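Asks: What follows is model.txt, made up of compact mmCIF, C-alpha atoms and all ligand atoms:
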# COMPACT_ATOMS: atom_id res chain seq x y z
CA MET Y 112 -41.82 -36.50 23.03
CA ALA Y 113 -39.87 -36.18 26.22
CA THR Y 114 -36.79 -34.85 27.93
CA VAL Y 115 -33.88 -37.19 28.72
CA ASP Y 116 -31.68 -36.89 31.80
CA PHE Y 117 -28.46 -38.69 32.56
CA ASP Y 118 -27.80 -38.02 36.22
CA HIS Y 119 -24.25 -38.80 37.42
CA VAL Y 120 -24.20 -41.99 35.37
CA THR Y 121 -21.20 -44.29 35.71
CA LYS Y 122 -20.65 -47.57 33.89
CA ARG Y 123 -17.84 -50.02 34.52
CA PHE Y 124 -17.07 -53.17 32.57
CA GLY Y 125 -14.77 -54.91 35.06
CA GLU Y 126 -11.67 -52.73 35.18
CA VAL Y 127 -12.78 -50.50 32.32
CA LEU Y 128 -14.47 -47.24 33.27
CA ALA Y 129 -16.59 -46.75 30.15
CA LEU Y 130 -18.62 -43.81 31.44
CA ASP Y 131 -17.50 -41.59 34.29
CA ASP Y 132 -20.04 -39.50 36.23
CA PHE Y 133 -21.91 -38.51 33.08
CA THR Y 134 -24.57 -35.83 33.53
CA LEU Y 135 -26.54 -34.48 30.57
CA HIS Y 136 -29.96 -32.93 30.13
CA VAL Y 137 -31.64 -33.25 26.73
CA GLU Y 138 -34.53 -30.92 25.96
CA ASP Y 139 -37.88 -32.09 24.69
CA GLY Y 140 -37.65 -32.28 20.89
CA GLU Y 141 -33.93 -31.61 20.85
CA PHE Y 142 -31.46 -33.28 18.47
CA ILE Y 143 -28.38 -33.96 20.56
CA VAL Y 144 -25.23 -35.56 19.19
CA LEU Y 145 -22.78 -37.49 21.34
CA VAL Y 146 -19.47 -37.23 19.54
CA GLY Y 147 -16.00 -38.46 20.42
CA PRO Y 148 -13.26 -40.82 19.29
CA SER Y 149 -13.51 -44.59 19.45
CA GLY Y 150 -13.85 -45.85 23.00
CA SER Y 151 -15.01 -42.54 24.46
CA GLY Y 152 -18.22 -44.02 25.88
CA LYS Y 153 -20.82 -42.76 23.39
CA THR Y 154 -22.34 -46.14 22.60
CA THR Y 155 -22.27 -47.08 26.25
CA ALA Y 156 -24.32 -43.96 27.10
CA LEU Y 157 -26.82 -44.84 24.38
CA ARG Y 158 -27.09 -48.49 25.41
CA LEU Y 159 -27.66 -47.47 29.02
CA LEU Y 160 -30.45 -45.16 27.88
CA ALA Y 161 -31.91 -47.99 25.80
CA GLY Y 162 -31.75 -50.40 28.72
CA LEU Y 163 -29.33 -52.76 26.95
CA GLU Y 164 -26.77 -52.31 29.73
CA SER Y 165 -27.27 -51.85 33.45
CA LEU Y 166 -25.98 -48.83 35.36
CA THR Y 167 -23.06 -49.07 37.78
CA ALA Y 168 -24.14 -45.81 39.46
CA GLY Y 169 -26.42 -42.87 38.78
CA SER Y 170 -29.83 -42.67 37.23
CA ILE Y 171 -31.55 -42.04 33.89
CA ARG Y 172 -34.93 -40.38 33.30
CA ILE Y 173 -37.07 -40.19 30.18
CA GLY Y 174 -39.58 -37.42 30.78
CA ASP Y 175 -40.31 -37.69 34.49
CA ARG Y 176 -40.00 -41.49 34.58
CA VAL Y 177 -36.89 -43.03 36.11
CA VAL Y 178 -36.15 -45.87 33.68
CA ASP Y 179 -33.23 -47.52 35.51
CA ARG Y 180 -35.12 -50.74 36.11
CA LEU Y 181 -37.34 -50.77 33.04
CA ALA Y 182 -36.84 -53.33 30.28
CA PRO Y 183 -35.93 -51.83 26.87
CA ARG Y 184 -39.41 -52.50 25.44
CA ASP Y 185 -41.02 -50.51 28.26
CA ARG Y 186 -38.91 -47.39 27.74
CA ASP Y 187 -40.82 -46.04 24.74
CA ILE Y 188 -37.74 -45.53 22.61
CA ALA Y 189 -36.80 -46.60 19.09
CA MET Y 190 -33.27 -47.33 17.95
CA VAL Y 191 -31.60 -47.02 14.57
CA PHE Y 192 -28.25 -48.74 14.19
CA GLN Y 193 -25.44 -48.75 11.69
CA ASP Y 194 -26.53 -52.10 10.25
CA TYR Y 195 -30.11 -51.82 9.14
CA ALA Y 196 -31.17 -55.30 10.28
CA LEU Y 197 -34.11 -55.45 7.88
CA TYR Y 198 -35.93 -58.76 7.46
CA PRO Y 199 -34.79 -59.96 4.02
CA GLN Y 200 -37.88 -62.09 3.29
CA MET Y 201 -40.31 -59.25 4.03
CA THR Y 202 -41.28 -56.34 1.78
CA VAL Y 203 -40.54 -52.78 2.83
CA TYR Y 204 -44.19 -52.43 3.92
CA GLU Y 205 -43.97 -55.56 6.06
CA ASN Y 206 -40.65 -54.44 7.53
CA LEU Y 207 -42.19 -51.14 8.55
CA ALA Y 208 -45.34 -52.79 9.89
CA PHE Y 209 -43.66 -55.65 11.76
CA GLY Y 210 -42.99 -53.94 15.10
CA LEU Y 211 -46.51 -52.56 15.27
CA LYS Y 212 -48.01 -55.93 14.35
CA MET Y 213 -46.11 -57.56 17.22
CA ARG Y 214 -47.60 -54.96 19.52
CA LYS Y 215 -51.05 -55.84 18.26
CA THR Y 216 -51.71 -52.41 16.80
CA PRO Y 217 -54.98 -52.41 14.78
CA LYS Y 218 -54.47 -53.05 11.08
CA ASP Y 219 -55.77 -49.72 9.74
CA GLU Y 220 -53.71 -47.83 12.32
CA ILE Y 221 -50.62 -49.73 11.10
CA ARG Y 222 -51.48 -48.86 7.51
CA ARG Y 223 -51.94 -45.18 8.38
CA ARG Y 224 -48.61 -44.96 10.22
CA VAL Y 225 -46.65 -46.90 7.59
CA LEU Y 226 -47.96 -44.77 4.75
CA ARG Y 227 -47.26 -41.58 6.68
CA ALA Y 228 -43.68 -42.67 7.47
CA ALA Y 229 -43.16 -43.70 3.83
CA GLU Y 230 -44.36 -40.28 2.74
CA ILE Y 231 -42.03 -38.44 5.14
CA LEU Y 232 -39.11 -40.57 3.95
CA GLY Y 233 -40.00 -40.46 0.26
CA ILE Y 234 -40.10 -44.25 -0.07
CA GLY Y 235 -43.80 -44.60 -0.98
CA ASP Y 236 -42.94 -46.28 -4.27
CA LEU Y 237 -40.68 -48.88 -2.66
CA LEU Y 238 -43.20 -50.48 -0.33
CA ASP Y 239 -43.57 -53.71 -2.32
CA ARG Y 240 -39.83 -54.29 -2.74
CA LYS Y 241 -37.66 -56.63 -0.72
CA PRO Y 242 -34.57 -55.14 0.99
CA ARG Y 243 -32.15 -56.78 -1.44
CA ALA Y 244 -33.68 -54.69 -4.23
CA LEU Y 245 -32.85 -51.44 -2.40
CA SER Y 246 -29.74 -49.26 -2.37
CA GLY Y 247 -27.86 -48.71 0.88
CA GLY Y 248 -29.43 -45.28 1.29
CA GLN Y 249 -32.93 -46.66 0.73
CA ARG Y 250 -32.34 -49.43 3.26
CA GLN Y 251 -31.21 -46.88 5.79
CA ARG Y 252 -34.41 -44.93 5.18
CA VAL Y 253 -36.49 -48.05 5.79
CA ALA Y 254 -34.58 -48.61 9.04
CA LEU Y 255 -35.42 -45.05 9.99
CA GLY Y 256 -39.03 -45.67 8.98
CA ARG Y 257 -39.27 -48.55 11.41
CA ALA Y 258 -38.33 -46.17 14.21
CA ILE Y 259 -40.75 -43.47 12.99
CA VAL Y 260 -43.83 -45.74 12.84
CA ARG Y 261 -43.36 -46.61 16.47
CA GLN Y 262 -43.96 -42.97 17.45
CA PRO Y 263 -41.63 -43.30 20.42
CA GLN Y 264 -40.76 -40.64 22.95
CA VAL Y 265 -37.08 -40.74 21.97
CA PHE Y 266 -35.08 -41.83 18.92
CA LEU Y 267 -31.68 -43.35 19.63
CA MET Y 268 -29.32 -43.50 16.67
CA ASP Y 269 -25.91 -45.15 16.71
CA GLU Y 270 -23.72 -44.23 13.71
CA PRO Y 271 -26.67 -44.75 11.33
CA LEU Y 272 -24.79 -43.37 8.33
CA SER Y 273 -21.47 -45.15 8.55
CA ASN Y 274 -22.36 -47.80 5.95
CA LEU Y 275 -23.12 -45.19 3.30
CA ASP Y 276 -20.62 -43.71 0.86
CA ALA Y 277 -19.52 -40.11 1.36
CA LYS Y 278 -22.00 -38.49 -1.01
CA LEU Y 279 -24.99 -40.42 0.25
CA ARG Y 280 -23.90 -39.78 3.82
CA ALA Y 281 -24.01 -36.03 3.27
CA GLN Y 282 -27.43 -36.29 1.66
CA THR Y 283 -28.92 -38.60 4.29
CA ARG Y 284 -27.45 -36.40 7.02
CA SER Y 285 -29.56 -33.44 5.98
CA GLU Y 286 -32.56 -35.70 5.42
CA ILE Y 287 -32.43 -37.13 8.94
CA LYS Y 288 -32.10 -33.61 10.27
CA ARG Y 289 -35.11 -32.43 8.24
CA ILE Y 290 -37.24 -35.42 9.26
CA GLN Y 291 -36.36 -35.00 12.92
CA SER Y 292 -37.33 -31.35 12.95
CA GLU Y 293 -40.54 -32.21 11.10
CA ILE Y 294 -41.54 -34.92 13.57
CA GLY Y 295 -40.03 -33.15 16.56
CA THR Y 296 -39.08 -36.32 18.43
CA THR Y 297 -36.24 -35.97 20.95
CA THR Y 298 -33.18 -37.62 19.39
CA VAL Y 299 -29.89 -38.84 20.85
CA TYR Y 300 -27.44 -39.48 18.01
CA VAL Y 301 -24.03 -41.09 18.37
CA THR Y 302 -21.17 -40.54 15.93
CA HIS Y 303 -17.38 -40.28 15.84
CA ASP Y 304 -17.65 -37.89 12.89
CA GLN Y 305 -17.35 -34.28 13.94
CA VAL Y 306 -18.81 -33.05 10.64
CA GLU Y 307 -21.98 -35.02 11.33
CA ALA Y 308 -22.06 -33.61 14.83
CA MET Y 309 -21.59 -30.02 13.68
CA THR Y 310 -24.15 -30.21 10.87
CA MET Y 311 -26.88 -32.21 12.62
CA GLY Y 312 -26.87 -31.38 16.31
CA ASP Y 313 -28.92 -28.66 17.95
CA ARG Y 314 -26.28 -29.24 20.59
CA ILE Y 315 -23.28 -31.50 20.63
CA ALA Y 316 -21.82 -33.33 23.61
CA VAL Y 317 -18.10 -33.99 23.13
CA MET Y 318 -16.86 -37.10 24.92
CA ASN Y 319 -13.39 -38.40 25.68
CA ARG Y 320 -12.47 -41.50 27.70
CA GLY Y 321 -15.87 -41.76 29.35
CA VAL Y 322 -15.95 -38.10 30.32
CA LEU Y 323 -18.23 -35.39 28.95
CA GLU Y 324 -15.75 -32.66 27.97
CA GLN Y 325 -18.16 -30.00 26.74
CA VAL Y 326 -21.75 -29.60 25.66
CA GLY Y 327 -23.13 -26.71 23.66
CA ASP Y 328 -24.46 -25.61 20.30
CA PRO Y 329 -22.03 -26.31 17.44
CA ARG Y 330 -21.02 -22.67 17.01
CA THR Y 331 -20.15 -22.21 20.68
CA VAL Y 332 -18.21 -25.46 20.88
CA TYR Y 333 -16.26 -24.47 17.76
CA ASP Y 334 -15.63 -20.87 18.80
CA GLU Y 335 -15.12 -21.43 22.51
CA PRO Y 336 -13.72 -24.91 23.08
CA ALA Y 337 -13.41 -25.66 26.78
CA ASN Y 338 -10.06 -27.41 26.51
CA VAL Y 339 -7.33 -28.72 24.22
CA PHE Y 340 -9.17 -31.97 23.53
CA VAL Y 341 -12.36 -30.30 22.28
CA ALA Y 342 -10.38 -27.68 20.35
CA GLY Y 343 -8.41 -30.39 18.57
CA PHE Y 344 -11.30 -32.76 17.97
CA ILE Y 345 -13.84 -30.33 16.51
CA GLY Y 346 -12.74 -28.72 13.24
CA SER Y 347 -11.05 -30.06 10.12
CA PRO Y 348 -8.20 -29.63 9.40
CA ALA Y 349 -7.59 -29.58 13.11
CA MET Y 350 -6.38 -26.68 15.22
CA SER Y 351 -2.60 -26.69 15.57
CA PHE Y 352 -1.02 -26.37 19.01
CA SER Y 353 2.35 -25.19 20.21
CA ARG Y 354 3.80 -24.44 23.61
CA MET Y 355 5.05 -20.90 24.03
CA ARG Y 356 6.41 -18.70 26.72
CA ALA Y 357 3.94 -15.95 27.59
CA GLU Y 358 5.11 -12.56 28.83
CA ARG Y 359 2.78 -9.80 29.85
CA ARG Y 360 4.12 -6.47 28.67
CA ASP Y 361 2.53 -3.05 28.69
CA GLY Y 362 -0.97 -3.84 27.39
CA THR Y 363 0.27 -6.68 25.26
CA VAL Y 364 1.16 -10.29 25.58
CA ALA Y 365 4.30 -11.55 23.93
CA LEU Y 366 4.28 -15.20 22.90
CA LEU Y 367 7.78 -16.43 22.49
CA ARG Y 368 9.31 -19.55 21.16
CA ASP Y 369 12.98 -19.69 20.24
CA GLY Y 370 13.16 -15.91 20.36
CA ALA Y 371 10.46 -13.31 19.89
CA LEU Y 372 7.61 -14.63 17.82
CA LEU Y 373 4.52 -12.56 18.32
CA GLU Y 374 3.31 -9.63 20.27
CA LEU Y 375 -0.44 -9.19 20.64
CA PRO Y 376 -2.74 -6.71 22.33
CA LEU Y 377 -3.90 -8.13 25.67
CA PRO Y 378 -7.66 -8.25 26.10
CA GLY Y 379 -9.07 -7.24 29.47
CA GLY Y 380 -10.82 -10.60 29.91
CA LEU Y 381 -7.76 -12.76 30.39
CA PRO Y 382 -7.68 -13.56 34.10
CA ARG Y 383 -4.09 -14.64 34.52
CA LEU Y 384 -1.36 -15.96 32.37
CA PRO Y 385 1.01 -18.74 33.35
CA ASP Y 386 4.61 -18.40 32.19
CA GLU Y 387 4.00 -21.02 29.60
CA VAL Y 388 0.82 -21.54 27.57
CA ILE Y 389 -0.42 -23.84 24.83
CA VAL Y 390 -1.34 -21.72 21.84
CA GLY Y 391 -3.99 -23.09 19.47
CA VAL Y 392 -4.60 -21.71 15.99
CA ARG Y 393 -7.28 -22.84 13.54
CA PRO Y 394 -6.14 -23.08 9.90
CA GLU Y 395 -8.57 -20.38 8.76
CA HIS Y 396 -6.95 -17.93 11.17
CA ALA Y 397 -3.43 -18.37 9.80
CA ARG Y 398 -2.82 -16.91 6.35
CA LEU Y 399 0.14 -16.23 4.10
CA TRP Y 400 1.67 -12.85 4.88
CA ARG Y 401 0.64 -9.76 2.99
CA GLU Y 402 1.29 -6.27 4.29
CA GLY Y 403 -1.68 -4.27 5.46
CA VAL Y 404 -4.29 -7.01 5.90
CA GLY Y 405 -4.46 -6.73 9.67
CA LEU Y 406 -2.74 -9.95 10.63
CA VAL Y 407 -0.22 -10.22 13.46
CA GLY Y 408 3.18 -11.32 12.38
CA PRO Y 409 4.90 -12.09 10.20
CA ILE Y 410 6.03 -15.50 11.41
CA GLU Y 411 8.68 -17.20 9.36
CA GLY Y 412 8.65 -20.90 8.74
CA VAL Y 413 9.50 -23.77 6.47
CA VAL Y 414 6.85 -25.52 4.37
CA GLU Y 415 6.40 -29.15 5.37
CA TYR Y 416 3.55 -30.10 3.04
CA VAL Y 417 0.96 -28.55 0.73
CA GLU Y 418 -2.62 -29.84 0.52
CA MET Y 419 -4.60 -28.63 -2.46
CA LEU Y 420 -8.32 -29.18 -2.01
CA GLY Y 421 -9.50 -27.35 -5.11
CA ARG Y 422 -11.46 -24.61 -3.37
CA GLU Y 423 -8.60 -23.84 -0.99
CA THR Y 424 -5.11 -24.88 -0.09
CA PHE Y 425 -3.64 -25.73 3.30
CA ILE Y 426 0.07 -25.40 3.89
CA GLY Y 427 1.76 -27.12 6.80
CA VAL Y 428 4.46 -24.81 8.14
CA ALA Y 429 7.03 -25.40 10.87
CA ALA Y 430 7.91 -22.09 12.52
CA ALA Y 431 10.10 -23.84 15.08
CA PRO Y 432 10.64 -27.56 15.73
CA GLU Y 433 7.64 -27.79 18.04
CA ALA Y 434 5.62 -24.90 16.64
CA ARG Y 435 3.75 -26.12 13.58
CA PHE Y 436 0.85 -24.32 11.96
CA ILE Y 437 -1.60 -25.10 9.20
CA VAL Y 438 -1.87 -22.01 7.03
CA HIS Y 439 -4.88 -21.30 4.86
CA ALA Y 440 -4.13 -20.09 1.33
CA ASP Y 441 -5.89 -19.38 -1.96
CA PRO Y 442 -6.64 -22.26 -4.32
CA ASP Y 443 -3.85 -21.18 -6.66
CA ALA Y 444 -1.28 -20.63 -3.91
CA ARG Y 445 1.99 -22.30 -4.63
CA GLY Y 446 4.48 -23.70 -2.24
CA ALA Y 447 6.74 -26.68 -2.03
CA PRO Y 448 8.32 -28.53 0.87
CA ASP Y 449 11.43 -26.86 2.33
CA GLU Y 450 10.50 -23.45 0.95
CA HIS Y 451 10.57 -20.54 3.37
CA VAL Y 452 7.26 -18.70 3.83
CA ARG Y 453 5.91 -15.93 5.99
CA PHE Y 454 2.45 -15.98 7.46
CA GLY Y 455 0.34 -14.04 9.93
CA LEU Y 456 -2.38 -14.80 12.46
CA GLU Y 457 -5.75 -13.19 12.94
CA PRO Y 458 -5.76 -11.13 16.12
CA GLY Y 459 -8.36 -12.25 18.67
CA ARG Y 460 -8.25 -15.78 17.24
CA LEU Y 461 -5.37 -17.33 19.11
CA TYR Y 462 -6.62 -19.75 21.74
CA LEU Y 463 -4.60 -20.00 24.94
CA PHE Y 464 -4.70 -23.07 27.17
CA GLU Y 465 -3.19 -23.88 30.54
CA PRO Y 466 -0.45 -26.49 30.01
CA GLU Y 467 -1.18 -28.65 33.09
CA THR Y 468 -4.97 -28.85 32.98
CA GLU Y 469 -5.26 -28.09 29.24
CA ARG Y 470 -8.23 -25.85 30.07
CA ALA Y 471 -9.02 -22.80 27.96
CA LEU Y 472 -7.70 -19.48 29.32
CA GLY Y 473 -9.18 -17.23 26.66
CA ARG Y 474 -8.30 -15.78 23.28
CA VAL Y 475 -5.85 -13.09 22.23
P1 LIG X 501 -16.90 -46.64 19.24
O1 LIG X 501 -17.10 -45.42 18.41
O2 LIG X 501 -15.65 -47.37 18.93
O3 LIG X 501 -18.10 -47.52 19.34
P2 LIG X 501 -17.61 -45.52 21.81
O4 LIG X 501 -17.26 -44.13 22.11
O5 LIG X 501 -19.00 -45.81 21.45
O6 LIG X 501 -16.62 -46.10 20.74
P3 LIG X 501 -17.98 -47.46 23.87
O7 LIG X 501 -18.39 -48.54 22.93
O8 LIG X 501 -19.04 -46.83 24.67
O9 LIG X 501 -17.18 -46.34 23.10
O10 LIG X 501 -16.86 -48.05 24.82
C1 LIG X 501 -16.31 -47.34 25.92
C2 LIG X 501 -15.29 -48.23 26.62
O11 LIG X 501 -15.93 -49.32 27.24
C3 LIG X 501 -14.25 -48.82 25.69
O12 LIG X 501 -13.02 -48.83 26.35
C4 LIG X 501 -14.77 -50.23 25.44
O13 LIG X 501 -13.72 -51.10 25.15
C5 LIG X 501 -15.43 -50.55 26.76
N1 LIG X 501 -16.55 -51.49 26.60
C6 LIG X 501 -17.70 -51.27 25.94
N2 LIG X 501 -18.52 -52.32 26.01
C7 LIG X 501 -17.88 -53.28 26.74
C8 LIG X 501 -18.20 -54.60 27.19
N3 LIG X 501 -19.37 -55.16 26.91
N4 LIG X 501 -17.27 -55.24 27.93
C9 LIG X 501 -16.10 -54.66 28.25
N5 LIG X 501 -15.73 -53.42 27.87
C10 LIG X 501 -16.60 -52.72 27.13
Can I see the file as structure tokens?
Replies:
Amino acid sequence: MATVDFDHVTKRFGEVLALDDFTLHVEDGEFIVLVGPSGSGKTTALRLLAGLESLTAGSIRIGDRVVDRLAPRDRDIAMVFQDYALYPQMTVYENLAFGLKMRKTPKDEIRRRVLRAAEILGIGDLLDRKPRALSGGQRQRVALGRAIVRQPQVFLMDEPLSNLDAKLRAQTRSEIKRIQSEIGTTTVYVTHDQVEAMTMGDRIAVMNRGVLEQVGDPRTVYDEPANVFVAGFIGSPAMSFSRMRAERRDGTVALLRDGALLELPLPGGLPRLPDEVIVGVRPEHARLWREGVGLVGPIEGVVEYVEMLGRETFIGVAAAPEARFIVHADPDARGAPDEHVRFGLEPGRLYLFEPETERALGRV
């Protein structure tokens, strides 16, 4: 086990700035998830850590060793990729043993490690099979097993679940999480899927265009997003945003768009308020209007769409041309496009952002 440190790491591919002054400390034994949209630099960060790319600037440490000039095989890491890359002509046992054999590990030590990994992964009864006789989920477990038998200081995983169907993905997600906490090996995990990030990471590092936007435990990142990008990327359905005029009044803030819209108590913590703000609202904090339930409002709007998910319903509502909200409703809520509805917002749950920098100002 070991810590991992990216220290002001930059990577350019010609004109493309793939990673921009990236600094991140990973604790010993921690499961950290790098999450972001396509092209945000996640894989580049992982490949730099693995030694598959060279740094343009900065430095990387595993434990107290600077690894910048070390070949991948000398970094004491093990990688798990999206494609399992199992040897088709070998049995599961041989696939698991292969890396150790190449490193001239004694035979009984190999046997001990392979059997232990198979036990952890629940694939003890598959050891004599060839990969083609395995399901996708089983193959992925064998791929994971190959990393486990190596007993590396760090696991690097790049979208290891993306070849699995939705149900298997959810199951394997919790399995990887369980196995990692059982073995306790420091893990850097890359995904574009924010649900994976939220459910698996001890902490998540949200990336965008080569820049680390925010790092924190999932709850904090969800509850206190640092900026519009993080607020919009983490959470599904996504937070809705609208620009509004903000007026401080006696102990309240009025958010206005095409006339008076909302007036909210002003918390002491808000440092300053520009004349205009971006207001972000998560779907679960906007609900159809009922008197006496403690929501602020009502806000009137026109239904744009209705999404019934069985357990709950989301209604897309336009309150003004550029002020759209997703409103959470009961499973049996009805509504049809073009209908007029009224909804309210949960006080303390409106996120305000600065329009120019898109940085978080606080919540009202
Ligand atoms: P994805 O989820 O699509 O893999 P990512 O967040 O992992 O995305 P990277 O693969 O790290 O993103 O890519 C970051 C940027 O660097 C992208 O603009 C990509 O096109 C560019 N890039 C990555 N590898 C190379 C390369 N070998 N040559 C040129 N550009 C590259």
Asks: Can you measure atom CA of Ala397 of chain Y to atom CA of Val417 of chain Y for me? One decimal in Å is fine.
Replies: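 These atoms are spaced 14.3 Å apart.
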Asks: Please identify all polymer residues within 7 Å of segment 252-267 of chain Y, counting all atoms listed in the file, omitting same-chain residues fewer than 3 positions from it, and present them as number ranges by chain.
Replies: Y: 112-113, 157, 187-191, 195, 197, 203, 207, 211, 224-225, 228-229, 232, 248-249, 296-300
Asks: Rounded to one decimal, what separation in Å do you get between atom CA of Gly235 of chain Y and atom CA of Arg289 of chain Y?
Replies: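 Spanning atom CA of Gly235 of chain Y to atom CA of Arg289 of chain Y is a straight-line distance of 17.6 Å.
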Asks: Residues of chain Y that have any atom at most 6 Å from an atom of ligand LIG 501 (chain X): could you tabulate them with the shortest-distance atom pair and the distance in Å to one decimal, using only C-alpha atoms and all ligand atoms, ordered by chain and increasing number, as a tab-separated table?
Replies:
residue	atom	partner	partner_atom	distance
Y:Phe124	CA	X:LIG501	C9	4.7
Y:Ala129	CA	X:LIG501	O11	3.9
Y:Pro148	CA	X:LIG501	O4	5.9
Y:Ser149	CA	X:LIG501	O2	3.5
Y:Gly150	CA	X:LIG501	O9	3.4
Y:Ser151	CA	X:LIG501	O4	3.6
Y:Gly152	CA	X:LIG501	O8	3.2
Y:Lys153	CA	X:LIG501	O4	4.0
Y:Thr154	CA	X:LIG501	O5	3.5
Y:Thr155	CA	X:LIG501	O8	3.6
Y:His303	CA	X:LIG501	O1	5.8
Asks: Any chance you can output those residues with C-alpha atoms as a PDB file, in the frame of the given file?
Replies:
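Saved result, out.pdb, follows:
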ATOM      1  CA  PHE Y 124     -17.070 -53.170  32.570  1.00  0.00           C
ATOM      2  CA  ALA Y 129     -16.590 -46.750  30.150  1.00  0.00           C
ATOM      3  CA  PRO Y 148     -13.260 -40.820  19.290  1.00  0.00           C
ATOM      4  CA  SER Y 149     -13.510 -44.590  19.450  1.00  0.00           C
ATOM      5  CA  GLY Y 150     -13.850 -45.850  23.000  1.00  0.00           C
ATOM      6  CA  SER Y 151     -15.010 -42.540  24.460  1.00  0.00           C
ATOM      7  CA  GLY Y 152     -18.220 -44.020  25.880  1.00  0.00           C
ATOM      8  CA  LYS Y 153     -20.820 -42.760  23.390  1.00  0.00           C
ATOM      9  CA  THR Y 154     -22.340 -46.140  22.600  1.00  0.00           C
ATOM     10  CA  THR Y 155     -22.270 -47.080  26.250  1.00  0.00           C
ATOM     11  CA  HIS Y 303     -17.380 -40.280  15.840  1.00  0.00           C
TER      12      HIS Y 303
END
Asks: Grab the atom CA of Ser353 of chain Y to atom CA of Glu433 of chain Y distance for me, in Å with one decimal place.
Replies: 6.3 Å
Asks: Excluding Arg460 of chain Y and its own-chain neighbours fewer than 5 positions away, which residues fall within 7 Å of it when counting all atoms listed in the file? Please give them as a VMD selection string.
Replies: chain Y and resid 396 474 to 475
Asks: Within 10 Å of (-24.5, -40.1, 38.8) (coordinates as in the file), grab all the protein and nucleic acid residues, counting all atoms listed in the file, and write them out as a PyMOL selection string.
Replies: chain Y and resi 117-122+131-134+166-171
Asks: For C-alpha atoms, I'd like the residues from the last selection saved as a compact mmCIF listing (two decimals), in the coordinates of the input.
Replies:
# COMPACT_ATOMS: atom_id res chain seq x y z
CA PHE Y 117 -28.46 -38.69 32.56
CA ASP Y 118 -27.80 -38.02 36.22
CA HIS Y 119 -24.25 -38.80 37.42
CA VAL Y 120 -24.20 -41.99 35.37
CA THR Y 121 -21.20 -44.29 35.71
CA LYS Y 122 -20.65 -47.57 33.89
CA ASP Y 131 -17.50 -41.59 34.29
CA ASP Y 132 -20.04 -39.50 36.23
CA PHE Y 133 -21.91 -38.51 33.08
CA THR Y 134 -24.57 -35.83 33.53
CA LEU Y 166 -25.98 -48.83 35.36
CA THR Y 167 -23.06 -49.07 37.78
CA ALA Y 168 -24.14 -45.81 39.46
CA GLY Y 169 -26.42 -42.87 38.78
CA SER Y 170 -29.83 -42.67 37.23
CA ILE Y 171 -31.55 -42.04 33.89
Asks: May I have the protein, DNA and RNA residues with an atom at most 8 Å from (2.0, -13.4, 31.3), counting only C-alpha atoms in the file's coordinates, returned as an MDAnalysis selection string?
Replies: chainID Y and resid 357:360 364:365 383:386
Asks: Just the residues within 8 Å of Tyr462 of chain Y, please, counting all atoms listed in the file, with nothing from its chain fewer than 2 positions along; format it as JSON, numbers by chain.
Replies: {"Y": [390, 391, 392, 460, 464, 471, 472, 473, 474, 475]}
Asks: Counting only C-alpha atoms, which of Y:Asn319, Y:Gln291, Y:Asn206, Y:Ser285 gets nearest to Val341 of chain Y?
Replies: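 The shortest atom-to-atom distance to Val341 of chain Y comes from Y:Asn319.
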Asks: Tell me which of Y:Val146, Y:Val115, Y:Ala208, Y:Met309 sits closest to Arg186 of chain Y, counting all atoms listed in the file.
Replies: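 Closest to Arg186 of chain Y, using all atoms listed in the file: Y:Val115.
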Asks: If we count all atoms listed in the file and set the cut-off at 9 Å, which residues sit around Glu415 of chain Y, ignoring sequence neighbours fewer than 3 positions away in its own chain? Please answer as an NGL selection string.
Replies: :Y and (426-429 or 447-450)
Asks: Looking at Y:Glu205, Y:Asp116, Y:Asp334, Y:Asp328, which one is nearest to His136 of chain Y, with distances taken over only C-alpha atoms?
Replies: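 Selected residue with least distance to His136 of chain Y: Y:Asp116.
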Asks: Just want the 9 Å neighbourhood of Val317 of chain Y, counted on all atoms listed in the file, with same-chain residues fewer than 3 positions away dropped. Output as a CSV table (one decimal) with C-alpha atoms, in the coordinates of the input.
Replies:
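Result file is around.csv:
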chain,number,residue,atom,x,y,z
Y,144,VAL,CA,-25.2,-35.6,19.2
Y,145,LEU,CA,-22.8,-37.5,21.3
Y,146,VAL,CA,-19.5,-37.2,19.5
Y,147,GLY,CA,-16.0,-38.5,20.4
Y,322,VAL,CA,-16.0,-38.1,30.3
Y,323,LEU,CA,-18.2,-35.4,29.0
Y,324,GLU,CA,-15.8,-32.7,28.0
Y,325,GLN,CA,-18.2,-30.0,26.7
Y,326,VAL,CA,-21.8,-29.6,25.7
Y,327,GLY,CA,-23.1,-26.7,23.7
Y,332,VAL,CA,-18.2,-25.5,20.9
Y,341,VAL,CA,-12.4,-30.3,22.3
Y,344,PHE,CA,-11.3,-32.8,18.0
Y,345,ILE,CA,-13.8,-30.3,16.5
